[in-house]
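Everything below belongs to input33.tsv, which stores TSV, C-alpha atoms.
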chain	number	residue	atom	x	y	z
N	1	MET	CA	-13.45	35.16	-22.29
N	2	THR	CA	-14.54	32.14	-20.22
N	3	LYS	CA	-12.11	31.08	-17.50
N	4	VAL	CA	-11.39	27.38	-16.91
N	5	TYR	CA	-10.75	26.23	-13.34
N	6	TYR	CA	-9.19	22.88	-12.49
N	7	ARG	CA	-9.71	20.74	-9.39
N	8	ILE	CA	-7.02	18.13	-10.10
N	9	LEU	CA	-3.33	18.92	-10.60
N	10	ILE	CA	-0.75	16.25	-11.49
N	11	LEU	CA	2.77	17.50	-12.20
N	12	PHE	CA	5.82	15.70	-13.51
N	13	TYR	CA	8.02	18.78	-13.65
N	14	THR	CA	7.56	22.53	-13.42
N	15	VAL	CA	9.59	25.54	-12.32
N	16	HIS	CA	8.36	27.35	-9.22
N	17	SER	CA	7.25	30.52	-11.03
N	18	ARG	CA	5.08	28.50	-13.41
N	19	PHE	CA	3.64	26.54	-10.50
N	20	ASN	CA	2.67	29.77	-8.74
N	21	PHE	CA	0.90	30.90	-11.89
N	22	LEU	CA	-1.10	27.67	-12.07
N	23	VAL	CA	-2.13	27.65	-8.43
N	24	GLU	CA	-3.00	31.33	-8.15
N	25	ARG	CA	-5.42	30.95	-11.06
N	26	ASN	CA	-6.92	27.66	-9.82
N	27	VAL	CA	-7.55	28.22	-6.13
N	28	GLY	CA	-10.27	25.53	-6.20
N	29	LEU	CA	-7.72	22.72	-6.59
N	30	GLN	CA	-8.69	19.70	-4.50
N	31	LYS	CA	-6.46	16.83	-5.65
N	32	ILE	CA	-2.74	17.55	-6.04
N	33	ARG	CA	0.21	15.32	-6.93
N	34	LEU	CA	3.70	16.86	-6.81
N	35	PRO	CA	6.93	15.39	-8.30
N	36	ASN	CA	10.41	15.32	-6.82
N	37	GLN	CA	11.60	17.70	-9.55
N	38	GLY	CA	11.10	21.23	-8.40
N	39	ASN	CA	10.81	22.31	-4.79
N	40	CYS	CA	8.02	20.59	-2.87
N	41	LYS	CA	8.42	22.86	0.16
N	42	ARG	CA	7.84	26.02	-1.85
N	43	MET	CA	5.06	24.34	-3.82
N	44	LEU	CA	3.28	23.22	-0.66
N	45	ASP	CA	3.62	26.70	0.82
N	46	THR	CA	2.05	28.12	-2.35
N	47	ILE	CA	-0.82	25.64	-2.11
N	48	THR	CA	-1.38	26.48	1.56
N	49	LYS	CA	-1.41	30.20	0.82
N	50	ASN	CA	-3.74	30.14	-2.19
N	51	CYS	CA	-5.99	27.06	-2.26
N	52	HIS	CA	-9.27	26.74	-0.36
N	53	HIS	CA	-10.25	23.07	-0.18
N	54	VAL	CA	-7.47	20.52	-0.77
N	55	THR	CA	-8.68	16.99	0.03
N	56	GLU	CA	-5.92	14.87	-1.56
N	57	LEU	CA	-2.16	15.38	-1.58
N	58	ALA	CA	0.60	13.13	-2.92
N	59	LEU	CA	4.20	14.27	-3.05
N	60	GLN	CA	7.78	13.10	-3.43
N	61	ASP	CA	10.39	15.29	-1.85
N	62	ALA	CA	13.93	15.41	-3.20
N	63	ILE	CA	16.81	13.67	-1.44
N	64	ASP	CA	19.06	16.68	-1.86
N	65	GLU	CA	20.76	18.60	0.94
N	66	ASP	CA	21.18	21.66	-1.31
N	67	ARG	CA	17.42	22.27	-1.57
N	68	LEU	CA	14.86	23.62	0.83
N	69	LEU	CA	13.20	20.39	1.94
N	70	LEU	CA	9.79	19.76	3.45
N	71	ASP	CA	9.79	20.19	7.22
N	72	ASP	CA	7.38	19.92	10.13
N	73	ASP	CA	6.46	23.59	10.11
N	74	THR	CA	5.38	23.35	6.47
N	75	PHE	CA	3.05	20.49	7.35
N	76	ARG	CA	1.71	22.34	10.39
N	77	ARG	CA	0.56	25.23	8.18
N	78	PHE	CA	-0.86	22.84	5.60
N	79	ALA	CA	-2.78	20.74	8.16
N	80	GLU	CA	-4.27	23.80	9.85
N	81	ARG	CA	-5.38	25.15	6.47
N	82	PHE	CA	-7.03	21.96	5.16
N	83	PRO	CA	-8.95	20.11	7.91
N	84	MET	CA	-10.97	18.18	5.32
N	85	LEU	CA	-7.90	16.35	3.97
N	86	ARG	CA	-8.89	12.77	3.05
N	87	MET	CA	-5.82	11.37	1.30
N	88	LEU	CA	-2.09	11.82	2.01
N	89	ASP	CA	0.75	10.04	0.18
N	90	LEU	CA	4.34	10.85	1.23
N	91	THR	CA	7.56	9.58	-0.37
N	92	TRP	CA	11.17	10.55	0.42
N	93	CYS	CA	10.21	13.23	2.92
N	94	CYS	CA	13.47	12.83	4.78
N	95	HIS	CA	13.24	15.88	7.04
N	96	ILE	CA	9.74	15.51	8.44
N	97	THR	CA	9.32	13.88	11.86
N	98	ASP	CA	6.45	12.51	13.89
N	99	LYS	CA	5.41	16.11	14.53
N	100	SER	CA	4.12	16.33	10.96
N	101	LEU	CA	1.86	13.34	11.50
N	102	GLU	CA	0.75	14.79	14.84
N	103	TYR	CA	-0.30	18.00	13.07
N	104	ILE	CA	-2.20	15.97	10.49
N	105	ALA	CA	-3.87	13.87	13.20
N	106	ARG	CA	-4.83	16.91	15.29
N	107	ASN	CA	-6.32	18.88	12.40
N	108	CYS	CA	-7.42	16.34	9.75
N	109	SER	CA	-9.60	13.83	11.58
N	110	GLU	CA	-11.41	12.95	8.32
N	111	LEU	CA	-8.27	11.34	6.84
N	112	ARG	CA	-9.12	8.11	5.03
N	113	TYR	CA	-5.90	7.19	3.18
N	114	LEU	CA	-2.29	7.39	4.40
N	115	HIS	CA	0.68	5.95	2.49
N	116	ILE	CA	4.23	6.63	3.69
N	117	ARG	CA	7.38	5.41	1.91
N	118	GLU	CA	11.00	6.05	2.90
N	119	CYS	CA	10.39	8.88	5.34
N	120	PRO	CA	13.17	7.78	7.70
N	121	MET	CA	12.37	10.00	10.68
N	122	ILE	CA	8.79	8.73	11.07
N	123	THR	CA	8.44	6.33	14.01
N	124	ASP	CA	5.72	4.44	15.87
N	125	GLU	CA	4.81	7.62	17.73
N	126	GLY	CA	3.60	9.32	14.56
N	127	ILE	CA	1.57	6.31	13.47
N	128	ARG	CA	-0.01	6.09	16.94
N	129	SER	CA	-1.03	9.74	16.70
N	130	ILE	CA	-2.80	9.06	13.41
N	131	ALA	CA	-4.51	5.91	14.70
N	132	LYS	CA	-5.81	7.59	17.87
N	133	ARG	CA	-7.36	10.61	16.12
N	134	CYS	CA	-8.14	9.57	12.52
N	135	HIS	CA	-10.67	6.87	13.34
N	136	PHE	CA	-12.06	6.72	9.81
N	137	LEU	CA	-8.72	5.80	8.22
N	138	ASP	CA	-9.38	2.80	5.98
N	139	ASP	CA	-6.15	2.52	3.93
N	140	LEU	CA	-2.75	2.51	5.68
N	141	HIS	CA	0.48	1.57	3.88
N	142	LEU	CA	3.96	1.84	5.43
N	143	GLU	CA	6.98	0.91	3.31
N	144	ARG	CA	10.70	1.04	4.09
N	145	GLN	CA	9.99	2.61	7.48
N	146	THR	CA	12.73	1.13	9.64
N	147	LEU	CA	11.65	2.95	12.83
N	148	VAL	CA	8.14	1.50	12.74
N	149	ASN	CA	7.78	-1.62	14.89
N	150	ASN	CA	5.20	-3.55	16.89
N	151	ASP	CA	4.41	-0.64	19.22
N	152	CYS	CA	2.12	1.00	16.66
N	153	CYS	CA	0.20	-2.23	16.05
N	154	TYR	CA	-1.70	-1.90	19.34
N	155	ALA	CA	-2.98	1.55	18.36
N	156	ILE	CA	-3.97	0.24	14.93
N	157	ARG	CA	-5.88	-2.60	16.60
N	158	ASP	CA	-7.60	-0.41	19.18
N	159	HIS	CA	-8.63	2.54	17.00
N	160	LEU	CA	-8.75	1.74	13.27
N	161	HIS	CA	-11.90	-0.37	13.20
N	162	TYR	CA	-12.87	0.84	9.71
N	163	MET	CA	-9.55	-0.09	8.10
N	164	THR	CA	-10.00	-2.17	4.95
N	165	SER	CA	-6.46	-2.09	3.52
N	166	LEU	CA	-3.11	-2.46	5.32
N	167	GLY	CA	0.43	-2.66	3.97
N	168	LEU	CA	3.55	-3.26	6.08
N	169	ILE	CA	6.52	-3.71	3.75
N	170	ASP	CA	10.14	-3.47	4.93
N	171	THR	CA	9.33	-2.27	8.44
N	172	CYS	CA	10.39	-3.69	11.82
N	173	VAL	CA	6.93	-5.11	12.52
N	174	THR	CA	7.17	-8.83	13.35
N	175	ASP	CA	4.71	-11.73	13.37
N	176	LEU	CA	3.62	-10.63	16.84
N	177	GLY	CA	2.57	-7.23	15.53
N	178	ILE	CA	0.55	-8.80	12.72
N	179	ASP	CA	-1.13	-11.10	15.25
N	180	VAL	CA	-2.08	-8.07	17.36
N	181	ILE	CA	-3.67	-6.31	14.38
N	182	THR	CA	-5.61	-9.36	13.23
N	183	THR	CA	-7.43	-9.63	16.57
N	184	SER	CA	-9.58	-6.71	15.39
N	185	ALA	CA	-9.48	-6.96	11.60
N	186	GLU	CA	-13.01	-8.00	10.73
N	187	ASN	CA	-13.27	-5.32	8.03
N	188	LEU	CA	-9.87	-5.94	6.45
N	189	ARG	CA	-10.09	-6.64	2.71
N	190	ALA	CA	-6.47	-6.19	1.57
N	191	LEU	CA	-3.24	-7.10	3.39
N	192	ARG	CA	0.35	-6.76	2.15
N	193	ILE	CA	3.18	-7.85	4.46
N	194	GLY	CA	6.84	-8.89	4.32
N	195	GLU	CA	10.27	-7.69	3.29
N	196	ASN	CA	11.39	-7.03	-0.26
N	197	CYS	CA	14.66	-5.24	0.38
N	198	PHE	CA	15.72	-5.29	4.01
N	199	ARG	CA	17.28	-7.99	6.15
N	200	PRO	CA	16.84	-9.62	8.55
N	201	GLN	CA	13.35	-10.77	7.79
N	202	ASN	CA	11.13	-9.66	10.63
N	203	ILE	CA	7.98	-11.47	9.48
N	204	LYS	CA	8.75	-15.16	9.32
N	205	GLY	CA	5.28	-16.64	8.72
N	206	VAL	CA	3.98	-17.53	12.19
N	207	CYS	CA	1.27	-14.91	11.71
N	208	LEU	CA	-0.23	-16.64	8.66
N	209	ASN	CA	-2.36	-19.01	10.72
N	210	SER	CA	-3.81	-16.04	12.59
N	211	ILE	CA	-4.54	-14.31	9.29
N	212	ALA	CA	-6.27	-17.45	8.01
N	213	GLN	CA	-8.43	-17.73	11.12
N	214	LYS	CA	-9.35	-14.10	11.75
N	215	CYS	CA	-9.26	-12.25	8.41
N	216	ASN	CA	-11.99	-14.21	6.65
N	217	ARG	CA	-13.10	-11.29	4.47
N	218	LEU	CA	-9.74	-10.77	2.80
N	219	GLU	CA	-9.94	-10.27	-0.95
N	220	LYS	CA	-6.28	-9.36	-1.56
N	221	LEU	CA	-3.29	-10.95	0.18
N	222	HIS	CA	0.35	-10.25	-0.73
N	223	VAL	CA	2.96	-12.06	1.35
N	224	PHE	CA	6.63	-11.40	0.51
N	225	SER	CA	9.84	-13.06	1.70
N	226	ILE	CA	8.15	-15.54	4.04
N	227	LYS	CA	9.21	-19.10	3.25
N	228	MET	CA	5.87	-20.61	2.39
N	229	ASP	CA	5.15	-24.28	2.94
N	230	ASP	CA	2.02	-26.44	3.03
N	231	THR	CA	1.41	-25.76	6.73
N	232	ASN	CA	1.12	-22.04	5.91
N	233	LEU	CA	-0.60	-22.28	2.56
N	234	VAL	CA	-3.30	-24.88	3.25
N	235	PRO	CA	-5.02	-22.95	6.11
N	236	LEU	CA	-5.04	-19.81	3.95
N	237	CYS	CA	-6.73	-21.70	1.13
N	238	GLN	CA	-9.26	-23.36	3.42
N	239	ASN	CA	-10.34	-20.23	5.31
N	240	LEU	CA	-10.00	-17.29	2.92
N	241	ALA	CA	-12.81	-18.17	0.54
N	242	GLU	CA	-13.27	-14.59	-0.66
N	243	LEU	CA	-9.73	-14.15	-2.01
N	244	ARG	CA	-9.56	-12.50	-5.43
N	245	GLU	CA	-5.87	-11.63	-5.56
N	246	LEU	CA	-3.03	-13.69	-4.07
N	247	HIS	CA	0.72	-12.99	-4.31
N	248	LEU	CA	3.08	-15.39	-2.51
N	249	GLY	CA	6.86	-15.17	-2.31
N	250	ALA	CA	9.44	-17.88	-1.58
N	251	CYS	CA	7.23	-20.89	-2.37
N	252	GLY	CA	10.15	-23.33	-2.61
N	253	ARG	CA	8.78	-25.53	0.21
N	254	VAL	CA	5.26	-25.74	-1.16
N	255	SER	CA	4.56	-29.28	-2.36
N	256	ARG	CA	2.09	-30.65	-4.89
N	257	THR	CA	-0.37	-31.06	-2.03
N	258	GLY	CA	-0.32	-27.33	-1.29
N	259	ILE	CA	-0.73	-26.43	-4.95
N	260	GLN	CA	-3.61	-28.90	-5.26
N	261	GLU	CA	-5.31	-27.29	-2.25
N	262	LEU	CA	-4.83	-23.87	-3.82
N	263	THR	CA	-6.47	-24.88	-7.07
N	264	GLU	CA	-9.33	-26.65	-5.31
N	265	LYS	CA	-10.23	-24.04	-2.67
N	266	CYS	CA	-9.43	-20.67	-4.28
N	267	GLY	CA	-11.77	-20.78	-7.23
N	268	LYS	CA	-12.68	-17.07	-6.98
N	269	LEU	CA	-9.16	-15.83	-7.67
N	270	THR	CA	-8.79	-13.35	-10.51
N	271	GLU	CA	-5.03	-12.85	-10.03
N	272	LEU	CA	-2.41	-15.31	-8.76
N	273	ARG	CA	1.33	-14.69	-8.54
N	274	LEU	CA	3.77	-17.31	-7.17
N	275	TYR	CA	7.52	-16.86	-6.71
N	276	GLY	CA	10.01	-19.73	-6.54
N	277	CYS	CA	7.60	-22.62	-6.91
N	278	PRO	CA	9.52	-25.67	-8.25
N	279	SER	CA	6.63	-28.05	-7.55
N	280	PHE	CA	4.35	-26.38	-10.07
N	281	ARG	CA	3.81	-28.49	-13.20
N	282	ASP	CA	1.76	-28.62	-16.37
N	283	CYS	CA	-0.92	-30.66	-14.64
N	284	HIS	CA	-1.56	-27.81	-12.22
N	285	LEU	CA	-1.99	-25.40	-15.10
N	286	ASP	CA	-4.54	-27.78	-16.54
N	287	ILE	CA	-6.47	-27.91	-13.24
N	288	MET	CA	-6.43	-24.13	-12.92
N	289	ALA	CA	-7.74	-23.76	-16.44
N	290	SER	CA	-10.86	-25.70	-15.50
N	291	LYS	CA	-11.36	-24.92	-11.78
N	292	MET	CA	-10.53	-21.20	-11.70
N	293	PRO	CA	-13.02	-19.70	-14.15
N	294	GLU	CA	-12.55	-16.13	-12.88
N	295	LEU	CA	-8.73	-16.17	-13.16
N	296	ARG	CA	-7.53	-13.38	-15.46
N	297	ARG	CA	-3.83	-13.15	-14.59
N	298	LEU	CA	-1.46	-15.98	-13.63
N	299	GLU	CA	2.25	-15.39	-13.05
N	300	ILE	CA	4.63	-18.12	-11.87
N	301	PHE	CA	8.31	-17.29	-11.38
N	302	GLY	CA	11.25	-19.55	-10.59
N	303	CYS	CA	9.63	-22.73	-11.89
N	304	ASN	CA	11.37	-24.82	-14.54
N	305	LYS	CA	8.84	-27.66	-14.63
N	306	ILE	CA	6.30	-25.89	-16.83
N	307	THR	CA	6.79	-26.75	-20.47
N	308	GLU	CA	6.00	-24.70	-23.56
N	309	ASP	CA	3.39	-27.31	-24.46
N	310	GLY	CA	1.72	-26.94	-21.04
N	311	ALA	CA	1.65	-23.15	-21.33
N	312	SER	CA	0.30	-23.38	-24.86
N	313	LYS	CA	-2.53	-25.71	-23.83
N	314	PHE	CA	-3.44	-23.38	-20.97
N	315	GLY	CA	-3.61	-20.49	-23.45
N	316	GLU	CA	-5.92	-22.48	-25.72
N	317	LYS	CA	-8.27	-23.34	-22.87
N	318	ARG	CA	-8.14	-19.94	-21.23
N	319	PRO	CA	-7.57	-17.21	-23.81
N	320	ASP	CA	-9.15	-14.80	-21.29
N	321	CYS	CA	-6.30	-15.30	-18.78
N	322	PHE	CA	-2.85	-13.71	-19.15
N	323	LEU	CA	-0.10	-16.25	-18.36
N	324	ASN	CA	3.49	-15.32	-17.47
N	325	VAL	CA	5.94	-18.12	-16.61

Could you quickly redo this structure as structure tokens?
Amino acid sequence: MTKVYYRILILFYTVHSRFNFLVERNVGLQKIRLPNQGNCKRMLDTITKNCHHVTELALQDAIDEDRLLLDDDTFRRFAERFPMLRMLDLTWCCHITDKSLEYIARNCSELRYLHIRECPMITDEGIRSIAKRCHFLDDLHLERQTLVNNDCCYAIRDHLHYMTSLGLIDTCVTDLGIDVITTSAENLRALRIGENCFRPQNIKGVCLNSIAQKCNRLEKLHVFSIKMDDTNLVPLCQNLAELRELHLGACGRVSRTGIQELTEKCGKLTELRLYGCPSFRDCHLDIMASKMPELRRLEIFGCNKITEDGASKFGEKRPDCFLNV
């Protein structure tokens, strides 16, 4: 009978004995995604013991004091076993510290992708370790990391010259930290910054002028929580000619002038999402229909000046563009 071997494993739920069975019979697994049902520590130990060439790992640990949770020693064994790791995505790993990232940095210098969400013991020190050793990292996303602040931004600036995508959401990085990073961001293509959940807001918008001046190759820009106005928006529109995707939060201070500049200068956009934009009217929809030929998704929230007739006319002119108002 012919045996079938898999290289990709995505689990939503499995008991540990069944997981052992899968891994022991598919030691060539390379891309693995683990759920927060089950025991990620035991699963990762099984992977480390049996697999030969894991290059991608994504996992969500359980927030449960009654379970064996992922710890630094588990990551040390994993990092030493798989030096060719390229992608690492960690969520809710509440018991790992900067030591885990130090093990990854020391052993997995080929790392290209690192996303960390709600791992509360990770600090600037761990991010600095990654930046100093994983020079080819091109996608870094940190979310709800309250112990990450401006200190790591200098290491990101000095060492991650190949970085094309950066996300800093609900961290303690301020405008100053963003300014530091943008001084060496010539390769940056995607940037996501701001606060969705936490207060106070650490990024207030001063950094937007620096982004406009120094990140000219940006194709995706998501800015949350910052109170946008024309002085912030107009420079972005005038300097970021390559933008394809733009999400802006808190647009209550943006006037008709800012919206007009957006429609005139950002003709390459394929996706536009605006939050809290009371100045947006039917006439702007009409301009976008004609001057943004590549637009495929338009979402405008918190605006009561768009009428059903205006939305209907936009749909008639641009049936190729999804509209959500």

Pull the neighbourhood of (-4.8, 12.6, 6.2) for me: all residues within 9 Å in file coordinates, counting all atoms listed in the file, as a list in words.
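Checking each residue against the 9 Å limit leaves Thr55, Glu56, Leu57, Ala79, Pro83, Met84, Leu85, Arg86, Met87, Leu88, Asp89, Leu101, Ile104, Ala105, Asn107, Cys108, Ser109, Glu110, Leu111, Arg112, Tyr113, Leu114, Ile130, Cys134 and Leu137 of chain N.
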
One-decimal distance in Å that lies between atom CA of Met228 of chain N and atom CA of Ala250 of chain N:
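Computed distance, atom CA of Ala250 of chain N to atom CA of Met228 of chain N, equals 6.0 Å.
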
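Excluding Leu191 of chain N itself and same-chain residues fewer than 2 positions from it, the residues having an atom within 7 Å of it are Ser165, Leu166, Gly167, Arg189, Ile193, Lys220, Leu221 and His222 of chain N, counting all atoms listed in the file.
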
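Proximity to Lys49 of chain N was assessed for N:Phe78, N:Tyr275, N:Phe21, N:Trp92 counting all atoms listed in the file; the smallest distance is recorded for N:Phe78.
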
Mind pulling up the distance from atom CA of Ile116 of chain N to atom CA of Cys51 of chain N?
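Computing the Euclidean distance for atom CA of Cys51 of chain N and atom CA of Ile116 of chain N yields 23.6 Å.
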
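Here atom CA of Gly252 of chain N is placed at a distance of 15.3 Å from atom CA of Glu299 of chain N.
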
Find the spatial neighbours of Asn304 of chain N, counting only C-alpha atoms, within a cut-off of 10 Å - ignore same-chain residues fewer than 5 positions away - and output them as an MDAnalysis selection string.
chainID N and resid 276:281 325

Ranking N:Ala289, N:Cys283, N:Ala58, N:Val173 by minimum distance to Arg33 of chain N and counting all atoms listed in the file, which one comes first?
N:Ala58

Measuring atom to atom with all atoms listed in the file, identify which of N:Lys214, N:Lys99, N:Arg144, N:Arg273 is nearest to Phe75 of chain N.
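Distance minimum relative to Phe75 of chain N lands on N:Lys99.
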
Nearest candidate to Asn209 of chain N (options N:Cys172, N:Leu44, N:Val23, N:Leu236; using only C-alpha atoms)
N:Leu236

Box in all listed atoms of segment 223-232 of chain N, axis-aligned, with 6 Å more on each side; write out centre and edge lengths in Å to one decimal as lines of an AutoDock Vina configuration file.
center_x = 5.5
center_y = -18.9
center_z = 3.6
size_x = 20.7
size_y = 27.0
size_z = 18.2

What residues have an atom no more than 12 Å from (-6.7, -30.7, -7.1) in the file's own frame, counting only C-alpha atoms, and can you write them as a list in words?
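Final list of nearby residues, as requested, is Arg256, Thr257, Gly258, Ile259, Gln260, Glu261, Leu262, Thr263, Glu264, Lys265, Cys266, Gly267, Cys283, His284, Leu285, Asp286, Ile287, Met288, Ala289, Ser290, Lys291 and Met292 of chain N.
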